[in-house]
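Trainee: Contents of run_3.cif (mmCIF, C-alpha atoms):
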data_upload
#
loop_
_atom_site.group_PDB
_atom_site.id
_atom_site.type_symbol
_atom_site.label_atom_id
_atom_site.label_comp_id
_atom_site.auth_asym_id
_atom_site.auth_seq_id
_atom_site.Cartn_x
_atom_site.Cartn_y
_atom_site.Cartn_z
ATOM 1 C CA VAL A 1 45.624 109.264 -90.695
ATOM 2 C CA SER A 2 43.036 106.590 -91.451
ATOM 3 C CA LEU A 3 45.783 103.980 -91.784
ATOM 4 C CA ILE A 4 47.246 104.952 -88.419
ATOM 5 C CA LEU A 5 43.881 104.590 -86.767
ATOM 6 C CA PHE A 6 43.150 101.312 -88.482
ATOM 7 C CA SER A 7 46.527 99.790 -87.646
ATOM 8 C CA SER A 8 46.066 100.604 -83.973
ATOM 9 C CA LEU A 9 43.246 98.073 -83.703
ATOM 10 C CA THR A 10 45.642 95.207 -84.305
ATOM 11 C CA TYR A 11 48.179 96.928 -82.102
ATOM 12 C CA ALA A 12 45.703 97.108 -79.203
ATOM 13 C CA ALA A 13 45.221 93.358 -79.242
ATOM 14 C CA SER A 14 48.974 92.835 -79.170
ATOM 15 C CA PHE A 15 49.371 95.447 -76.432
ATOM 16 C CA ILE A 16 46.859 93.631 -74.200
ATOM 17 C CA ALA A 17 48.669 90.363 -74.829
ATOM 18 C CA GLY A 18 51.943 92.007 -73.861
ATOM 19 C CA THR A 19 53.685 91.230 -77.149
ATOM 20 C CA ILE A 20 54.497 94.738 -78.368
ATOM 21 C CA ARG A 21 58.060 95.946 -77.890
ATOM 22 C CA GLY A 22 58.134 98.975 -80.163
ATOM 23 C CA ALA A 23 56.556 100.666 -83.158
ATOM 24 C CA PRO A 24 58.175 99.596 -86.431
ATOM 25 C CA MET A 25 56.825 102.581 -88.366
ATOM 26 C CA HIS A 26 58.908 104.932 -86.165
ATOM 27 C CA ARG A 27 62.397 103.472 -86.674
ATOM 28 C CA ASN A 28 64.500 106.514 -85.887
ATOM 29 C CA CYS A 29 63.394 107.057 -82.280
ATOM 30 C CA GLU A 30 65.989 106.403 -79.594
ATOM 31 C CA LYS A 31 64.945 104.764 -76.349
ATOM 32 C CA ASP A 32 66.867 107.007 -73.883
ATOM 33 C CA SER A 33 64.353 108.168 -71.260
ATOM 34 C CA SER A 34 66.656 110.688 -69.568
ATOM 35 C CA ARG A 35 65.035 114.082 -69.248
ATOM 36 C CA ALA A 36 68.492 115.637 -69.243
ATOM 37 C CA ASP A 37 69.231 114.449 -72.760
ATOM 38 C CA GLN A 38 67.585 117.121 -74.855
ATOM 39 C CA ASN A 39 68.394 115.229 -78.054
ATOM 40 C CA SER A 40 66.151 112.332 -77.041
ATOM 41 C CA PRO A 41 62.682 112.094 -78.576
ATOM 42 C CA TRP A 42 59.794 113.469 -76.563
ATOM 43 C CA GLY A 43 56.069 113.128 -77.057
ATOM 44 C CA LEU A 44 53.383 115.812 -76.941
ATOM 45 C CA ILE A 45 49.950 114.197 -76.790
ATOM 46 C CA PHE A 46 46.626 116.020 -77.005
ATOM 47 C CA ASP A 47 43.167 114.949 -75.975
ATOM 48 C CA CYS A 48 40.571 115.987 -78.566
ATOM 49 C CA ASP A 49 37.254 116.997 -76.984
ATOM 50 C CA GLY A 50 37.796 119.908 -74.635
ATOM 51 C CA VAL A 51 41.389 120.497 -75.741
ATOM 52 C CA ILE A 52 41.202 121.001 -79.498
ATOM 53 C CA LEU A 53 37.606 122.227 -79.324
ATOM 54 C CA GLU A 54 35.096 122.949 -76.584
ATOM 55 C CA SER A 55 32.671 120.194 -77.418
ATOM 56 C CA GLU A 56 30.711 119.355 -74.263
ATOM 57 C CA SER A 57 27.627 121.355 -75.195
ATOM 58 C CA LEU A 58 27.772 119.999 -78.759
ATOM 59 C CA HIS A 59 27.797 116.384 -77.583
ATOM 60 C CA ARG A 60 24.933 117.047 -75.169
ATOM 61 C CA GLU A 61 22.947 118.681 -77.953
ATOM 62 C CA ALA A 62 23.504 115.632 -80.162
ATOM 63 C CA TYR A 63 22.523 113.162 -77.416
ATOM 64 C CA ASN A 64 19.325 115.002 -76.614
ATOM 65 C CA ALA A 65 18.471 115.208 -80.306
ATOM 66 C CA VAL A 66 18.888 111.451 -80.761
ATOM 67 C CA PHE A 67 16.873 110.739 -77.607
ATOM 68 C CA LYS A 68 14.027 112.801 -79.032
ATOM 69 C CA GLU A 69 14.326 111.209 -82.465
ATOM 70 C CA PHE A 70 14.204 107.691 -80.971
ATOM 71 C CA SER A 71 11.382 108.574 -78.544
ATOM 72 C CA VAL A 72 13.668 107.961 -75.570
ATOM 73 C CA ASP A 73 12.221 109.781 -72.570
ATOM 74 C CA TYR A 74 15.458 111.352 -71.339
ATOM 75 C CA ASP A 75 16.865 114.840 -71.678
ATOM 76 C CA TRP A 76 20.293 115.619 -70.238
ATOM 77 C CA SER A 77 20.664 119.051 -68.652
ATOM 78 C CA SER A 78 23.963 120.898 -68.951
ATOM 79 C CA GLU A 79 24.570 120.448 -65.219
ATOM 80 C CA TYR A 80 23.952 116.706 -65.382
ATOM 81 C CA TYR A 81 26.047 116.258 -68.508
ATOM 82 C CA ASP A 82 28.962 118.073 -66.882
ATOM 83 C CA VAL A 83 28.901 115.505 -64.086
ATOM 84 C CA LEU A 84 28.420 112.610 -66.498
ATOM 85 C CA GLN A 85 31.164 113.558 -68.927
ATOM 86 C CA ASN A 86 33.585 114.255 -66.090
ATOM 87 C CA THR A 87 32.870 110.848 -64.544
ATOM 88 C CA ILE A 88 32.408 108.430 -67.447
ATOM 89 C CA GLY A 89 34.688 108.340 -70.485
ATOM 90 C CA GLY A 90 33.194 107.538 -73.902
ATOM 91 C CA GLY A 91 29.698 107.913 -75.335
ATOM 92 C CA LYS A 92 28.433 104.350 -75.088
ATOM 93 C CA PRO A 93 29.629 103.955 -71.473
ATOM 94 C CA LYS A 94 27.804 107.198 -70.617
ATOM 95 C CA MET A 95 24.498 105.844 -71.886
ATOM 96 C CA GLN A 96 25.063 102.438 -70.308
ATOM 97 C CA HIS A 97 25.755 104.111 -66.974
ATOM 98 C CA HIS A 98 22.758 106.415 -67.209
ATOM 99 C CA PHE A 99 20.289 103.766 -68.344
ATOM 100 C CA GLY A 100 21.616 101.263 -65.833
ATOM 101 C CA LYS A 101 21.122 103.747 -63.010
ATOM 102 C CA ASN A 102 17.874 105.400 -64.117
ATOM 103 C CA GLY A 103 16.157 102.626 -66.063
ATOM 104 C CA TRP A 104 16.466 101.284 -69.590
ATOM 105 C CA PRO A 105 14.002 103.202 -71.777
ATOM 106 C CA SER A 106 11.527 102.215 -74.406
ATOM 107 C CA SER A 107 12.201 103.683 -77.829
ATOM 108 C CA LYS A 108 10.960 103.595 -81.387
ATOM 109 C CA ILE A 109 12.943 100.353 -81.651
ATOM 110 C CA GLY A 110 10.691 98.680 -79.087
ATOM 111 C CA PRO A 111 10.034 98.209 -75.349
ATOM 112 C CA PRO A 112 12.807 98.566 -72.758
ATOM 113 C CA PRO A 113 15.549 96.036 -73.558
ATOM 114 C CA SER A 114 15.982 93.194 -71.095
ATOM 115 C CA THR A 115 18.859 91.107 -72.449
ATOM 116 C CA ASP A 116 22.452 92.208 -72.942
ATOM 117 C CA ASP A 117 22.090 91.808 -76.710
ATOM 118 C CA GLU A 118 18.997 94.023 -76.747
ATOM 119 C CA LYS A 119 20.717 96.646 -74.591
ATOM 120 C CA ASN A 120 23.791 96.659 -76.804
ATOM 121 C CA PHE A 121 21.616 96.954 -79.910
ATOM 122 C CA LEU A 122 19.850 100.025 -78.505
ATOM 123 C CA ILE A 123 23.104 101.635 -77.390
ATOM 124 C CA ASP A 124 24.716 101.008 -80.778
ATOM 125 C CA ALA A 125 21.738 102.453 -82.660
ATOM 126 C CA LEU A 126 21.634 105.566 -80.487
ATOM 127 C CA GLN A 127 25.384 106.110 -80.672
ATOM 128 C CA ASP A 128 25.508 105.668 -84.452
ATOM 129 C CA ARG A 129 22.768 108.245 -84.998
ATOM 130 C CA LYS A 130 24.240 110.560 -82.343
ATOM 131 C CA THR A 131 27.544 110.499 -84.230
ATOM 132 C CA GLU A 132 25.750 111.495 -87.436
ATOM 133 C CA ILE A 133 24.047 114.413 -85.695
ATOM 134 C CA TYR A 134 27.325 115.492 -84.108
ATOM 135 C CA LYS A 135 28.991 115.424 -87.520
ATOM 136 C CA GLU A 136 26.279 117.691 -88.888
ATOM 137 C CA ILE A 137 27.021 120.190 -86.112
ATOM 138 C CA ILE A 138 30.772 120.046 -86.735
ATOM 139 C CA SER A 139 30.435 120.362 -90.509
ATOM 140 C CA SER A 140 28.409 123.559 -90.097
ATOM 141 C CA GLY A 141 31.721 125.433 -89.893
ATOM 142 C CA LYS A 142 30.640 127.325 -86.784
ATOM 143 C CA VAL A 143 32.822 125.402 -84.311
ATOM 144 C CA PRO A 144 36.184 127.088 -83.554
ATOM 145 C CA VAL A 145 39.484 125.498 -82.570
ATOM 146 C CA ARG A 146 40.459 126.396 -78.991
ATOM 147 C CA PRO A 147 42.968 129.259 -78.688
ATOM 148 C CA GLY A 148 46.602 128.212 -78.668
ATOM 149 C CA PHE A 149 46.271 124.663 -79.952
ATOM 150 C CA LYS A 150 47.634 125.282 -83.447
ATOM 151 C CA ARG A 151 50.312 127.611 -82.088
ATOM 152 C CA ILE A 152 51.592 124.979 -79.624
ATOM 153 C CA VAL A 153 51.711 122.339 -82.368
ATOM 154 C CA GLU A 154 53.688 124.623 -84.666
ATOM 155 C CA GLU A 155 56.098 125.537 -81.849
ATOM 156 C CA ALA A 156 56.557 121.909 -80.822
ATOM 157 C CA LYS A 157 57.429 120.812 -84.369
ATOM 158 C CA LYS A 158 60.432 123.141 -84.243
ATOM 159 C CA ILE A 159 61.852 121.363 -81.185
ATOM 160 C CA PRO A 160 64.209 118.469 -82.098
ATOM 161 C CA GLY A 161 62.886 115.002 -81.402
ATOM 162 C CA THR A 162 59.207 116.005 -81.137
ATOM 163 C CA LYS A 163 56.572 113.336 -81.717
ATOM 164 C CA LEU A 164 52.956 114.533 -81.841
ATOM 165 C CA ALA A 165 49.842 112.501 -81.124
ATOM 166 C CA ILE A 166 46.120 112.859 -80.445
ATOM 167 C CA CYS A 167 44.400 110.438 -78.055
ATOM 168 C CA SER A 168 40.629 110.797 -77.941
ATOM 169 C CA ALA A 169 37.931 108.951 -76.015
ATOM 170 C CA SER A 170 35.517 109.563 -78.907
ATOM 171 C CA THR A 171 34.695 106.897 -81.454
ATOM 172 C CA LYS A 172 37.205 106.680 -84.283
ATOM 173 C CA ASP A 173 34.684 107.727 -86.901
ATOM 174 C CA SER A 174 33.627 110.794 -84.929
ATOM 175 C CA CYS A 175 37.163 111.730 -83.905
ATOM 176 C CA LEU A 176 38.603 111.627 -87.410
ATOM 177 C CA PHE A 177 35.644 113.528 -88.860
ATOM 178 C CA VAL A 178 36.062 116.297 -86.278
ATOM 179 C CA LEU A 179 39.808 116.560 -86.826
ATOM 180 C CA GLU A 180 39.568 116.628 -90.616
ATOM 181 C CA ASN A 181 36.830 119.280 -90.548
ATOM 182 C CA LEU A 182 38.424 121.507 -87.919
ATOM 183 C CA LEU A 183 42.086 121.138 -88.803
ATOM 184 C CA GLY A 184 42.284 119.848 -92.373
ATOM 185 C CA ASP A 185 44.536 117.162 -93.801
ATOM 186 C CA GLU A 186 47.556 119.435 -94.208
ATOM 187 C CA PHE A 187 47.634 120.408 -90.528
ATOM 188 C CA LEU A 188 46.928 116.817 -89.446
ATOM 189 C CA SER A 189 50.033 115.715 -91.324
ATOM 190 C CA ASN A 190 51.989 117.226 -88.390
ATOM 191 C CA PHE A 191 50.863 114.312 -86.213
ATOM 192 C CA ASP A 192 52.652 111.002 -85.971
ATOM 193 C CA LEU A 193 49.760 109.144 -84.375
ATOM 194 C CA ILE A 194 46.020 109.438 -83.760
ATOM 195 C CA LEU A 195 44.233 107.035 -81.415
ATOM 196 C CA ALA A 196 40.510 106.982 -80.646
ATOM 197 C CA GLY A 197 38.334 105.300 -78.047
ATOM 198 C CA ASP A 198 37.780 102.268 -80.278
ATOM 199 C CA ASP A 199 41.511 101.615 -80.358
ATOM 200 C CA ALA A 200 41.933 101.177 -76.600
ATOM 201 C CA PRO A 201 39.551 98.606 -75.067
ATOM 202 C CA LYS A 202 39.972 100.240 -71.658
ATOM 203 C CA ARG A 203 38.739 103.837 -71.619
ATOM 204 C CA LYS A 204 40.039 106.813 -69.685
ATOM 205 C CA PRO A 205 40.670 107.169 -66.735
ATOM 206 C CA HIS A 206 42.507 103.901 -67.440
ATOM 207 C CA PRO A 207 45.940 104.814 -68.842
ATOM 208 C CA MET A 208 45.862 102.265 -71.683
ATOM 209 C CA ILE A 209 45.452 104.737 -74.557
ATOM 210 C CA TYR A 210 48.447 106.751 -73.369
ATOM 211 C CA GLN A 211 50.522 103.640 -72.744
ATOM 212 C CA MET A 212 49.743 102.543 -76.294
ATOM 213 C CA ALA A 213 50.699 105.968 -77.643
ATOM 214 C CA SER A 214 54.049 105.832 -75.854
ATOM 215 C CA GLN A 215 54.930 102.484 -77.396
ATOM 216 C CA MET A 216 53.635 103.359 -80.867
ATOM 217 C CA LEU A 217 55.603 106.614 -80.849
ATOM 218 C CA ALA A 218 58.613 104.736 -79.418
ATOM 219 C CA VAL A 219 58.959 107.453 -76.773
ATOM 220 C CA PRO A 220 59.322 106.498 -73.087
ATOM 221 C CA GLN A 221 56.261 107.315 -70.993
ATOM 222 C CA ASN A 222 58.231 109.655 -68.742
ATOM 223 C CA ARG A 223 59.224 111.724 -71.776
ATOM 224 C CA CYS A 224 55.617 112.298 -72.836
ATOM 225 C CA ILE A 225 53.548 115.372 -71.992
ATOM 226 C CA VAL A 226 49.760 115.173 -72.219
ATOM 227 C CA VAL A 227 47.411 118.136 -72.668
ATOM 228 C CA GLU A 228 44.020 117.352 -71.135
ATOM 229 C CA ASP A 229 40.956 119.257 -69.974
ATOM 230 C CA SER A 230 39.456 117.017 -67.284
ATOM 231 C CA LEU A 231 40.194 115.036 -64.154
ATOM 232 C CA ILE A 232 39.513 111.792 -66.041
ATOM 233 C CA GLY A 233 42.207 112.696 -68.550
ATOM 234 C CA LEU A 234 44.617 113.759 -65.815
ATOM 235 C CA GLU A 235 44.181 110.416 -64.050
ATOM 236 C CA ALA A 236 44.797 108.557 -67.315
ATOM 237 C CA ALA A 237 47.968 110.514 -68.084
ATOM 238 C CA LYS A 238 49.369 110.199 -64.567
ATOM 239 C CA GLY A 239 48.505 106.493 -64.554
ATOM 240 C CA ALA A 240 50.770 106.213 -67.594
ATOM 241 C CA ASP A 241 53.601 108.032 -65.768
ATOM 242 C CA MET A 242 53.354 111.068 -68.021
ATOM 243 C CA LYS A 243 53.422 114.771 -67.314
ATOM 244 C CA CYS A 244 49.995 116.375 -67.754
ATOM 245 C CA VAL A 245 49.026 119.984 -68.407
ATOM 246 C CA ILE A 246 45.383 120.969 -68.004
ATOM 247 C CA THR A 247 43.601 123.499 -70.189
ATOM 248 C CA TYR A 248 40.183 123.461 -68.563
ATOM 249 C CA THR A 249 36.796 124.319 -70.012
ATOM 250 C CA PRO A 250 33.767 125.919 -68.324
ATOM 251 C CA SER A 251 32.438 122.461 -67.449
ATOM 252 C CA THR A 252 35.705 121.275 -65.871
ATOM 253 C CA ALA A 253 36.907 124.530 -64.295
ATOM 254 C CA SER A 254 35.710 123.561 -60.813
ATOM 255 C CA GLN A 255 37.563 120.236 -60.755
ATOM 256 C CA ASP A 256 40.502 119.706 -58.414
ATOM 257 C CA PHE A 257 43.505 119.098 -60.653
ATOM 258 C CA ILE A 258 45.877 117.996 -57.905
ATOM 259 C CA GLY A 259 48.985 116.484 -59.443
ATOM 260 C CA ALA A 260 48.761 118.388 -62.730
ATOM 261 C CA ASP A 261 52.007 119.867 -64.008
ATOM 262 C CA GLY A 262 50.232 123.039 -65.086
ATOM 263 C CA VAL A 263 46.667 124.361 -65.115
ATOM 264 C CA PHE A 264 45.514 126.996 -67.615
ATOM 265 C CA SER A 265 42.181 128.403 -68.738
ATOM 266 C CA GLU A 266 43.475 128.051 -72.309
ATOM 267 C CA LEU A 267 46.777 127.634 -74.109
ATOM 268 C CA GLY A 268 46.175 131.044 -75.595
ATOM 269 C CA ASP A 269 47.126 132.946 -78.718
ATOM 270 C CA GLU A 270 48.849 136.332 -78.922
ATOM 271 C CA PRO A 271 48.493 138.560 -77.000
ATOM 272 C CA ASN A 272 47.020 136.126 -74.437
ATOM 273 C CA VAL A 273 49.540 133.273 -74.560
ATOM 274 C CA GLN A 274 49.484 131.362 -71.251
ATOM 275 C CA VAL A 275 52.108 128.727 -72.046
ATOM 276 C CA ASP A 276 54.377 127.889 -74.990
ATOM 277 C CA ALA A 277 55.718 124.523 -76.141
ATOM 278 C CA LYS A 278 59.055 124.918 -74.359
ATOM 279 C CA GLY A 279 57.228 125.800 -71.141
ATOM 280 C CA LEU A 280 55.122 122.647 -71.052
#
Translate the structure of the given file into C-alpha cells.

Mentor:
Amino acid sequence: VSLILFSSLTYAASFIAGTIRGAPMHRNCEKDSSRADQNSPWGLIFDCDGVILESESLHREAYNAVFKEFSVDYDWSSEYYDVLQNTIGGGKPKMQHHFGKNGWPSSKIGPPPSTDDEKNFLIDALQDRKTEIYKEIISSGKVPVRPGFKRIVEEAKKIPGTKLAICSASTKDSCLFVLENLLGDEFLSNFDLILAGDDAPKRKPHPMIYQMASQMLAVPQNRCIVVEDSLIGLEAAKGADMKCVITYTPSTASQDFIGADGVFSELGDEPNVQVDAKGL
C-alpha cells in the first residue's frame, strides 16, 4: 500500500503534464468502455472519511485540540465545521480559508503571520500536530467502520473484472494510518490502488484524483463507480464522468445530491442492507 501511494506522486506530475497513457502495474486490464460488455474491467472507488468511517466529529475534535495546544484563539463548532468540511476539501485548505476570512491568528509560534512563508509554516505546524492527535483518536480502537463497507468490498471482489480503489482528500500519512488501523493489512490487500490528497495537486471537488485513479487502474472513467458521502465528492466524481452513489452522514444528510446515481443513509449490513455490489 505504501508503495502504491508513493508511486502516485510521480504519476501525478506526469498526469498534469499529460504524458500518462496507462498504468503499467495493471497489465491485464482491457480498455473496452462499453457498459454492455460485462467481461470488461470496472472500477469501484471509495472515499475514506465519511464513507469508510464517520470521521467529521473526530477531525473537528483534533483541530480544536491543536488550536488550544498552539494557543490559537479559534474553536470550530459542529455546525460551522459541517459547513466548512462540506465546502472546502482537505485540512490545510480548510485552515487557509478560515484564517484568510476571519484573520490569521497569533500562536505559540509567534504573532500573526504576514508573509506567505510564515502562513505556510503555521499551517504546516498545525496540520502536522493535528494529524498526530487524530491518529491517537483512531488508534484508541473505539472508531467503527461504517455498516456495509466491508460487505460491499467482499461482494465486489467476486464480480469478474473488479478493480478496487480508495481516493481520500486526507493527507497520505493520515489516510494510510486510518486504513491500516481500521481495516488491517489483510483486508487492504483487496485494493488495487490507494490515493490521498497529497497525490492529487488539485483537491475535490476537482475531479483530478478520480481521473488519476481511472488511468492508474486502467479502467475507463465511465466504467467507474464512486461511493461518496458529500456534495464535494459527488461533484468530483461527476466531473470525472463517473457514476456516484452517496452514503450520507449526519453532517451531509441535508445536502442536495442532484445527479447522484443512488442516495443511501448507509450501505448497510444484514438485516439492514440498502444496496449490494451488483446494485451499485

Trainee: Kindly compute an axis-aligned box around the listed atoms of segment 244-261 of chain A, allowing 5 Å on each side, and express its centre and edge lengths in Å to one decimal as AutoDock Vina command-line options.

Mentor:
--center_x 42.2 --center_y 121.1 --center_z -64.0 --size_x 29.6 --size_y 19.5 --size_z 22.3

Trainee: One decimal, in Å: what's the spacing between atom CA of Pro220 of chain A and atom CA of Ala240 of chain A?

Mentor: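 Atom CA of Ala240 of chain A lies 10.2 Å from atom CA of Pro220 of chain A.
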
Trainee: For the structure shown, which residues end up in the PyMOL selection byres ((chain A and resi 135-137) around 10)? Put them as a VMD selection string, please?

Mentor: chain A and resid 58 to 59 61 to 62 129 to 134 138 to 143 173 to 175 177 to 178 181

Trainee: Would you compute the distance between atom CA of Val72 of chain A and atom CA of Asp117 of chain A? Give it in Å to one decimal.

Mentor: 18.3 Å

Trainee: With distances taken over only C-alpha atoms, which of A:Leu231, A:Ile159, A:Cys167, A:Val66 is nearest to Met212 of chain A?

Mentor: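 Looking only at the distances to Met212 of chain A, the closest residue turns out to be A:Cys167.
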
Trainee: Kindly indicate which residue among A:Asp82, A:Glu154, A:Glu118, A:Asp256 lies nearest to Ser55 of chain A, using all atoms listed in the file for the distances.

Mentor: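 Going through A:Asp82, A:Glu154, A:Glu118, A:Asp256 one by one, the smallest distance to Ser55 of chain A is for A:Asp82.
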
Trainee: Taking a cut-off of 9 Å and counting all atoms listed in the file, can you build a table that, for each residue of segment 95-181 of chain A near segment 38-50 of chain A, reports the nearest atom pair and how far apart they are in Å (one decimal), sorted by chain then residue number, as a Markdown table?

Mentor:
| residue | atom | partner | partner_atom | distance |
| --- | --- | --- | --- | --- |
| A:Arg146 | CA | A:Gly50 | CA | 8.3 |
| A:Val153 | CA | A:Leu44 | CA | 8.7 |
| A:Ala156 | CA | A:Leu44 | CA | 7.9 |
| A:Pro160 | CA | A:Asn39 | CA | 6.7 |
| A:Gly161 | CA | A:Pro41 | CA | 4.1 |
| A:Thr162 | CA | A:Trp42 | CA | 5.3 |
| A:Lys163 | CA | A:Gly43 | CA | 4.7 |
| A:Leu164 | CA | A:Leu44 | CA | 5.1 |
| A:Ala165 | CA | A:Ile45 | CA | 4.7 |
| A:Ile166 | CA | A:Phe46 | CA | 4.7 |
| A:Cys167 | CA | A:Asp47 | CA | 5.1 |
| A:Ser168 | CA | A:Cys48 | CA | 5.2 |
| A:Ala169 | CA | A:Cys48 | CA | 7.9 |
| A:Ser170 | CA | A:Asp49 | CA | 7.9 |
| A:Cys175 | CA | A:Cys48 | CA | 7.6 |
| A:Val178 | CA | A:Cys48 | CA | 8.9 |
| A:Leu179 | CA | A:Cys48 | CA | 8.3 |

Trainee: Which of these, A:Pro250, A:Ala237, A:Lys278, A:Asn120, has the shortest distance to Ser78 of chain A once you count all atoms listed in the file?

Mentor: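 Among the listed residues, the smallest separation from Ser78 of chain A belongs to A:Pro250.
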
Trainee: With distances taken over all atoms listed in the file, which residue among A:Leu182, A:Leu126, A:Ile258, A:Leu280 lies nearest Ala65 of chain A?

Mentor: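 For Ala65 of chain A, the nearest of the given residues is A:Leu126.
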